[in-house]
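Colleague: So that you have it, the file is target_6.txt, and it contains compact mmCIF, C-alpha atoms:
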# COMPACT_ATOMS: atom_id res chain seq x y z
CA MET A 10 106.95 93.03 110.70
CA MET A 11 107.37 96.62 109.46
CA LYS A 12 105.69 95.74 106.18
CA ILE A 13 102.66 94.29 107.98
CA LEU A 14 102.47 97.38 110.20
CA SER A 15 102.74 99.64 107.14
CA ILE A 16 99.88 97.81 105.39
CA PHE A 17 97.71 98.02 108.53
CA PHE A 18 98.53 101.72 109.06
CA LYS A 19 97.76 102.63 105.46
CA GLY A 20 94.58 100.58 105.39
CA LEU A 21 93.21 102.37 108.44
CA PHE A 22 94.16 105.73 106.94
CA ILE A 23 92.21 104.96 103.77
CA ILE A 24 89.13 104.13 105.88
CA SER A 25 89.50 107.23 108.07
CA CYS A 26 90.14 109.60 105.17
CA SER A 27 87.21 108.21 103.17
CA TYR A 28 84.93 108.57 106.19
CA GLY A 29 85.98 112.18 106.74
CA LEU A 30 85.28 113.04 103.11
CA SER A 31 81.88 111.35 103.24
CA LEU A 32 80.92 113.34 106.36
CA THR A 33 81.93 116.68 104.81
CA LEU A 34 80.07 115.75 101.63
CA GLY A 35 76.97 115.28 103.75
CA THR A 36 77.25 118.84 105.12
CA SER A 37 77.82 120.41 101.68
CA ALA A 38 75.07 121.98 99.63
CA SER A 39 76.04 119.89 96.60
CA PHE A 40 78.83 117.71 95.27
CA ASP A 41 79.99 120.62 93.11
CA THR A 42 80.43 122.77 96.22
CA PHE A 43 82.08 119.92 98.11
CA ILE A 44 84.70 119.29 95.40
CA SER A 45 85.52 122.99 95.03
CA TYR A 46 87.42 123.32 98.32
CA TYR A 47 91.19 122.95 98.57
CA THR A 48 90.66 120.92 101.74
CA THR A 49 88.57 118.38 99.86
CA GLN A 50 90.96 118.10 96.95
CA SER A 51 94.06 117.79 99.13
CA ASN A 52 92.32 115.04 101.12
CA ILE A 53 91.42 113.23 97.90
CA LEU A 54 95.03 113.58 96.72
CA CYS A 55 96.27 111.96 99.95
CA LEU A 56 93.63 109.23 99.68
CA LEU A 57 94.71 108.34 96.14
CA VAL A 58 98.43 108.47 96.97
CA MET A 59 97.98 106.33 100.07
CA PHE A 60 95.93 103.82 98.07
CA ILE A 61 98.76 103.62 95.49
CA PHE A 62 101.31 102.98 98.23
CA PHE A 63 98.99 100.46 99.88
CA ILE A 64 98.82 98.45 96.63
CA TRP A 65 102.56 98.96 96.08
CA GLU A 66 103.25 97.11 99.31
CA PHE A 67 101.95 93.96 97.59
CA VAL A 68 103.24 94.43 94.02
CA GLY A 69 106.32 96.63 94.44
CA HIS A 70 108.77 93.76 95.07
CA GLY A 71 110.94 96.00 97.26
CA ARG A 72 111.35 98.73 94.62
CA ASN A 73 110.93 102.36 95.62
CA PRO A 74 110.86 104.52 92.44
CA ARG A 75 111.74 108.17 92.77
CA PHE A 76 108.56 109.41 91.10
CA LEU A 77 106.51 107.69 93.83
CA ARG A 78 108.63 109.28 96.56
CA VAL A 79 108.18 112.73 94.98
CA LEU A 80 104.44 112.14 94.66
CA LYS A 81 104.20 111.15 98.32
CA SER A 82 106.22 114.18 99.40
CA MET A 83 104.08 116.52 97.29
CA ALA A 84 100.93 115.11 98.87
CA THR A 85 102.48 115.47 102.33
CA VAL A 86 103.30 119.15 101.81
CA SER A 87 99.88 119.81 100.23
CA ILE A 88 97.97 118.33 103.16
CA LEU A 89 100.20 120.16 105.65
CA VAL A 90 99.16 123.38 103.90
CA THR A 91 95.54 122.41 104.58
CA PHE A 92 96.30 121.85 108.26
CA LEU A 93 98.38 125.01 108.74
CA ILE A 94 96.09 127.42 106.86
CA TYR A 95 92.97 126.10 108.56
CA HIS A 96 94.38 126.01 112.07
CA PHE A 97 96.21 129.34 112.04
CA LEU A 98 94.27 131.46 109.51
CA LEU A 99 90.74 130.18 108.93
CA ARG A 100 89.72 128.67 112.26
CA PRO A 101 90.36 131.84 114.33
CA ASN A 102 88.11 133.79 111.94
CA ILE A 103 85.17 131.38 111.83
CA THR A 104 81.87 133.22 112.33
CA PRO A 105 79.05 131.93 114.58
CA GLU A 106 77.04 131.01 111.48
CA MET A 107 79.70 128.44 110.54
CA ILE A 108 79.97 126.70 113.93
CA ASN A 109 77.79 123.78 112.87
CA VAL A 110 80.13 123.01 109.97
CA SER A 111 83.50 123.89 111.50
CA HIS A 112 83.09 121.80 114.65
CA GLY A 113 81.74 118.57 113.20
CA LEU A 114 83.60 115.26 113.18
CA GLY A 115 84.06 115.45 109.41
CA ASN A 116 85.73 118.83 109.76
CA ILE A 117 88.13 117.48 112.39
CA LEU A 118 88.98 114.48 110.23
CA VAL A 119 89.76 116.40 107.02
CA HIS A 120 91.63 119.28 108.72
CA TYR A 121 93.47 117.51 111.54
CA ILE A 122 93.35 113.70 111.52
CA THR A 123 94.12 113.20 107.83
CA PRO A 124 97.06 115.67 107.69
CA LEU A 125 98.67 114.41 110.90
CA TRP A 126 98.07 110.74 110.03
CA PHE A 127 99.53 111.16 106.55
CA PHE A 128 102.58 112.93 107.97
CA SER A 129 102.95 110.19 110.57
CA ASP A 130 103.04 107.60 107.80
CA TYR A 131 105.97 109.48 106.31
CA LEU A 132 107.75 109.65 109.67
CA ILE A 133 107.35 105.95 110.43
CA PHE A 134 107.62 104.19 107.08
CA ASP A 135 109.08 106.39 104.35
CA ARG A 136 112.71 106.21 103.36
CA LYS A 137 114.45 109.36 104.54
CA GLY A 138 117.14 111.45 102.89
CA THR A 139 115.95 110.99 99.29
CA SER A 140 114.40 114.44 98.74
CA ARG A 141 116.21 117.07 96.72
CA LEU A 142 116.02 120.83 97.16
CA SER A 143 114.65 121.15 93.63
CA ASP A 144 111.68 118.98 94.68
CA ALA A 145 110.32 121.95 96.64
CA PHE A 146 109.40 123.60 93.32
CA LEU A 147 107.42 120.51 92.35
CA TYR A 148 105.44 120.77 95.58
CA THR A 149 103.95 124.08 94.37
CA ILE A 150 102.23 122.34 91.44
CA PHE A 151 99.16 121.33 93.42
CA PRO A 152 98.41 124.78 94.96
CA LEU A 153 98.91 126.44 91.56
CA TYR A 154 96.64 123.85 89.96
CA TYR A 155 93.98 124.67 92.55
CA PHE A 156 94.19 128.38 91.76
CA VAL A 157 93.56 127.67 88.07
CA PHE A 158 90.76 125.24 88.98
CA SER A 159 89.02 127.79 91.23
CA ASN A 160 88.96 130.35 88.44
CA PHE A 161 87.38 127.92 85.99
CA HIS A 162 84.97 126.75 88.68
CA ALA A 163 83.83 130.32 89.35
CA ILE A 164 82.38 130.45 85.82
CA SER A 165 79.79 127.83 86.79
CA GLY A 166 78.00 130.42 88.93
CA ASP A 167 78.04 128.62 92.32
CA LEU A 168 77.83 131.04 95.21
CA TYR A 169 79.44 130.80 98.66
CA LEU A 170 78.12 132.62 101.70
CA TYR A 171 80.52 134.47 104.02
CA GLY A 172 78.42 136.08 106.71
CA THR A 173 76.24 138.56 104.81
CA THR A 174 78.25 138.51 101.58
CA THR A 175 78.30 136.04 98.72
CA SER A 176 81.16 135.06 96.44
CA GLN A 177 81.82 132.89 93.41
CA PHE A 178 85.02 131.65 95.06
CA PRO A 179 85.29 129.17 97.94
CA TYR A 180 87.89 131.36 99.69
CA PRO A 181 87.63 135.17 100.06
CA PHE A 182 91.28 135.82 99.16
CA LEU A 183 90.57 134.44 95.66
CA ASP A 184 87.64 136.81 95.05
CA TYR A 185 88.52 139.53 92.51
CA ASN A 186 85.46 141.56 93.54
CA VAL A 187 86.82 141.85 97.06
CA PHE A 188 90.59 142.18 96.56
CA GLY A 189 90.87 143.02 92.88
CA ILE A 190 93.19 141.36 90.41
CA TYR A 191 96.31 142.76 92.08
CA GLY A 192 95.20 141.69 95.53
CA VAL A 193 94.36 138.16 94.40
CA SER A 194 97.64 137.94 92.46
CA ALA A 195 99.54 139.06 95.54
CA ALA A 196 97.73 136.46 97.65
CA VAL A 197 98.60 133.70 95.15
CA VAL A 198 102.26 134.78 95.06
CA VAL A 199 102.46 134.84 98.86
CA ILE A 200 100.81 131.42 99.21
CA THR A 201 103.03 129.92 96.49
CA ALA A 202 106.13 131.35 98.17
CA ALA A 203 104.94 129.99 101.52
CA VAL A 204 104.42 126.53 100.00
CA LEU A 205 107.89 126.73 98.44
CA ILE A 206 109.43 127.61 101.80
CA LEU A 207 107.46 124.84 103.50
CA GLY A 208 108.71 122.44 100.83
CA MET A 209 112.30 123.48 101.47
CA VAL A 210 111.79 122.99 105.20
CA PHE A 211 110.39 119.53 104.49
CA VAL A 212 113.36 118.60 102.27
CA THR A 213 115.80 119.84 104.93
CA PHE A 214 113.95 117.89 107.61
CA ASP A 215 113.91 114.80 105.40
CA ASN A 216 117.68 114.92 104.97
CA ILE A 217 118.25 115.54 108.69
CA MET A 218 116.15 112.46 109.44
CA LYS A 219 118.35 110.27 107.22
CA LYS A 220 119.94 107.49 109.25
CA PRO A 221 123.47 106.13 108.80
CA GLU A 222 123.49 103.48 106.07
CA GLN A 223 124.65 100.69 108.32
CA LYS A 224 121.62 101.11 110.61
CA TYR A 225 119.01 100.55 107.92
CA GLN A 226 117.07 97.32 107.68
CA THR A 227 115.72 95.93 104.43
CA HIS A 228 112.22 97.35 103.91
CA LEU A 229 110.53 99.26 101.13
CA TYR A 230 109.82 102.54 102.88
CA GLY A 231 111.66 102.78 106.17
CA SER A 232 115.09 101.73 105.00
CA ILE A 233 117.77 101.43 102.39
CA SER A 234 118.52 97.95 101.11
CA ILE A 235 121.79 98.95 99.41
CA LYS A 236 124.83 98.07 101.49
CA PRO A 237 127.60 100.64 102.03
CA ASN A 238 130.19 100.53 99.26
CA LYS A 239 133.74 99.36 99.80
CA LYS A 240 135.04 102.87 100.21
CA ARG A 241 132.44 103.54 102.90
CA GLN A 242 133.26 100.25 104.60
CA HIS A 243 136.95 101.15 104.58
CA GLN A 244 136.12 104.50 106.23
CA LEU A 245 133.96 102.82 108.86
CA PHE A 246 136.35 100.02 109.64
CA GLY A 247 139.65 101.55 108.57
CA SER A 248 141.53 100.92 111.77
CA LYS A 249 140.41 97.30 111.86
CA ASN A 250 141.45 96.75 108.24
CA ILE A 251 144.86 98.29 108.87
CA SER A 252 145.54 96.01 111.84
CA ILE A 253 144.45 92.94 109.85
CA GLN A 254 146.64 93.94 106.91
CA THR A 255 149.61 94.47 109.25
CA LYS A 256 149.22 91.02 110.78
CA ASN A 257 148.85 89.42 107.33
CA ALA A 258 152.01 91.16 106.17
CA GLU A 259 153.96 89.89 109.20
CA ILE A 260 152.76 86.31 108.62
CA THR A 261 153.63 86.54 104.92
CA THR A 262 157.14 87.81 105.77
CA ILE A 263 157.74 84.93 108.21
CA LEU A 264 156.52 82.36 105.67
CA GLU A 265 158.74 83.83 102.96
CA GLN A 266 161.75 83.76 105.25
CA ASN A 267 161.13 80.12 106.17
CA THR A 268 160.69 79.22 102.51
CA ILE A 269 163.97 80.93 101.58
CA ASN A 270 165.82 79.09 104.36
CA ASP A 271 164.36 75.77 103.22
CA LEU A 272 165.33 76.35 99.58
CA PHE A 273 168.79 77.84 99.83
CA PHE A 274 170.13 76.50 103.11
CA PRO A 275 168.90 72.95 103.39
CA ASP A 276 172.06 71.82 105.26
CA ALA A 277 172.53 74.84 107.43
CA ASP A 278 172.65 72.73 110.63
CA GLN A 279 175.14 70.15 109.26
Spell out the structure here as structure tokens.
Modeller:
Amino acid sequence: MMKILSIFFKGLFIISCSYGLSLTLGTSASFDTFISYYTTQSNILCLLVMFIFFIWEFVGHGRNPRFLRVLKSMATVSILVTFLIYHFLLRPNITPEMINVSHGLGNILVHYITPLWFFSDYLIFDRKGTSRLSDAFLYTIFPLYYFVFSNFHAISGDLYLYGTTTSQFPYPFLDYNVFGIYGVSAAVVVITAAVLILGMVFVTFDNIMKKPEQKYQTHLYGSISIKPNKKRQHQLFGSKNISIQTKNAEITTILEQNTINDLFFPDADQ
């Protein structure tokens, strides 16, 4: 049942995410401009990762490789960055000239629906307690990649309008002409540190959400199929094992005593 629900949930996400990207593409000046935004690329990352996991439901045969779990976690953190930065930093500073873009359905899908839906998929279906603290450093790969990408993209000469000013960068805090090399470097360091902290929070949350082993059911994402080991079973059922061992020992002692009487005192009553 959980597997069917997971397939259905992921399939609808793929449709919703694709639709949101298509709507934002329609409001962009060109495909080159559309693909240059972190929002677009983080949505595409989630779309690809979800498609991989959708196919894996059919061909995975119950396996859950670590590299797939890390990839899913990285995509989750990356899309949460999109949601948090837009909602708390960009949206409050939207100018009246941008209202037609910032309040469209496509904008809502890529900034709110996709991030929250993707995170919900993790909450409902993903196996918990598998993340490591060192994984948080891997989560910074995508934001750092985007910084390098934006610098190469700026060479193409595309211009972005912010009120009355233009820029070669899709986000003002990446513009060297506005903040200078030290200002941009500081912004990148702060954002990378924030992503690292968010990744650590995610790893901590993931481990807190881990359920006791004996409560897991056998499913690819929402459970652990490995049974508790003997040592764990002994800890869980120690008192029961002790009582059983005590009873077995008493029965064995009685049987041994009866056997000894039968062997060495066959005529004891004569």
Colleague: For A:Leu207, which residue among A:Ile122, A:Leu89, A:Leu98, A:Ser176 is the nearest when counting all atoms listed in the file?
Modeller: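 Among A:Ile122, A:Leu89, A:Leu98, A:Ser176, it is A:Leu89 that comes nearest to A:Leu207.
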Colleague: So, with only C-alpha atoms as the atoms that count, which of A:Arg78, A:Ile190, A:Phe178, A:Asp167 lies closest to A:Ser39?
Modeller: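 When distances to A:Ser39 are compared using only C-alpha atoms, the smallest one comes from A:Asp167.
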Colleague: To one decimal place, how far is atom CA of A:Cys26 from atom CA of A:Leu57 in Å?
Modeller: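 Distance reported for this atom pair: 10.2 Å.
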Colleague: Excluding A:Val157 and any residue of its chain fewer than 3 positions from it, enumerate the residues within 12 Å of it, using only C-alpha atoms, and give them as a PyMOL selection string.
Modeller: chain A and resi 45+47+150-154+160-164+178+183+194+197
Colleague: Store the residues picked out above, limited to C-alpha atoms, as a PDB file, in the frame of the given file.
Modeller:
ATOM      1  CA  SER A  45      85.520 122.990  95.030  1.00  0.00           C
ATOM      2  CA  TYR A  47      91.190 122.950  98.570  1.00  0.00           C
ATOM      3  CA  ILE A 150     102.230 122.340  91.440  1.00  0.00           C
ATOM      4  CA  PHE A 151      99.160 121.330  93.420  1.00  0.00           C
ATOM      5  CA  PRO A 152      98.410 124.780  94.960  1.00  0.00           C
ATOM      6  CA  LEU A 153      98.910 126.440  91.560  1.00  0.00           C
ATOM      7  CA  TYR A 154      96.640 123.850  89.960  1.00  0.00           C
ATOM      8  CA  ASN A 160      88.960 130.350  88.440  1.00  0.00           C
ATOM      9  CA  PHE A 161      87.380 127.920  85.990  1.00  0.00           C
ATOM     10  CA  HIS A 162      84.970 126.750  88.680  1.00  0.00           C
ATOM     11  CA  ALA A 163      83.830 130.320  89.350  1.00  0.00           C
ATOM     12  CA  ILE A 164      82.380 130.450  85.820  1.00  0.00           C
ATOM     13  CA  PHE A 178      85.020 131.650  95.060  1.00  0.00           C
ATOM     14  CA  LEU A 183      90.570 134.440  95.660  1.00  0.00           C
ATOM     15  CA  SER A 194      97.640 137.940  92.460  1.00  0.00           C
ATOM     16  CA  VAL A 197      98.600 133.700  95.150  1.00  0.00           C
TER      17      VAL A 197
END
Colleague: At what distance in Å, to one decimal, does atom CA of A:Leu114 lie from atom CA of A:Ile53?
Modeller: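 Atom CA of A:Leu114 lies at a distance of 17.3 Å from atom CA of A:Ile53.
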Colleague: Between atom CA of A:Thr48 and atom CA of A:Thr91, what is the distance, to one decimal in Å?
Modeller: 5.8 Å
Colleague: Just want the 7 Å neighbourhood of stretch 198-205 of chain A, counted on all atoms listed in the file, with same-chain residues fewer than 6 positions away dropped. Output as a list in words.
Modeller: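 Here the qualifying residues turn out to be Ala145, Phe146 and Thr149 of chain A.
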Colleague: Using only C-alpha atoms, please write the residues we just selected to a file, as a short mmCIF file (atom, residue, chain, number, x, y, z; two decimals), in the frame of the given file.
Modeller:
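Written out: again04.cif:
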data_model
loop_
_atom_site.label_atom_id
_atom_site.label_comp_id
_atom_site.auth_asym_id
_atom_site.auth_seq_id
_atom_site.Cartn_x
_atom_site.Cartn_y
_atom_site.Cartn_z
CA ALA A 145 110.32 121.95 96.64
CA PHE A 146 109.40 123.60 93.32
CA THR A 149 103.95 124.08 94.37
#
Colleague: Quick one: residues within 9 Å of A:Ser27, all atoms listed in the file counted, chain neighbours fewer than 5 positions away excluded, as a list in words?
Modeller: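 Those residues are Phe22, Leu32, Asn52, Ile53 and Leu56 of chain A.
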Colleague: Taking all atoms listed in the file into account, name the residue in A:Ile117, A:Asp135, A:Gln50, A:Trp126 that is nearest to A:Leu77.
Modeller: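 Comparing A:Ile117, A:Asp135, A:Gln50, A:Trp126 against A:Leu77, the winner is A:Asp135.
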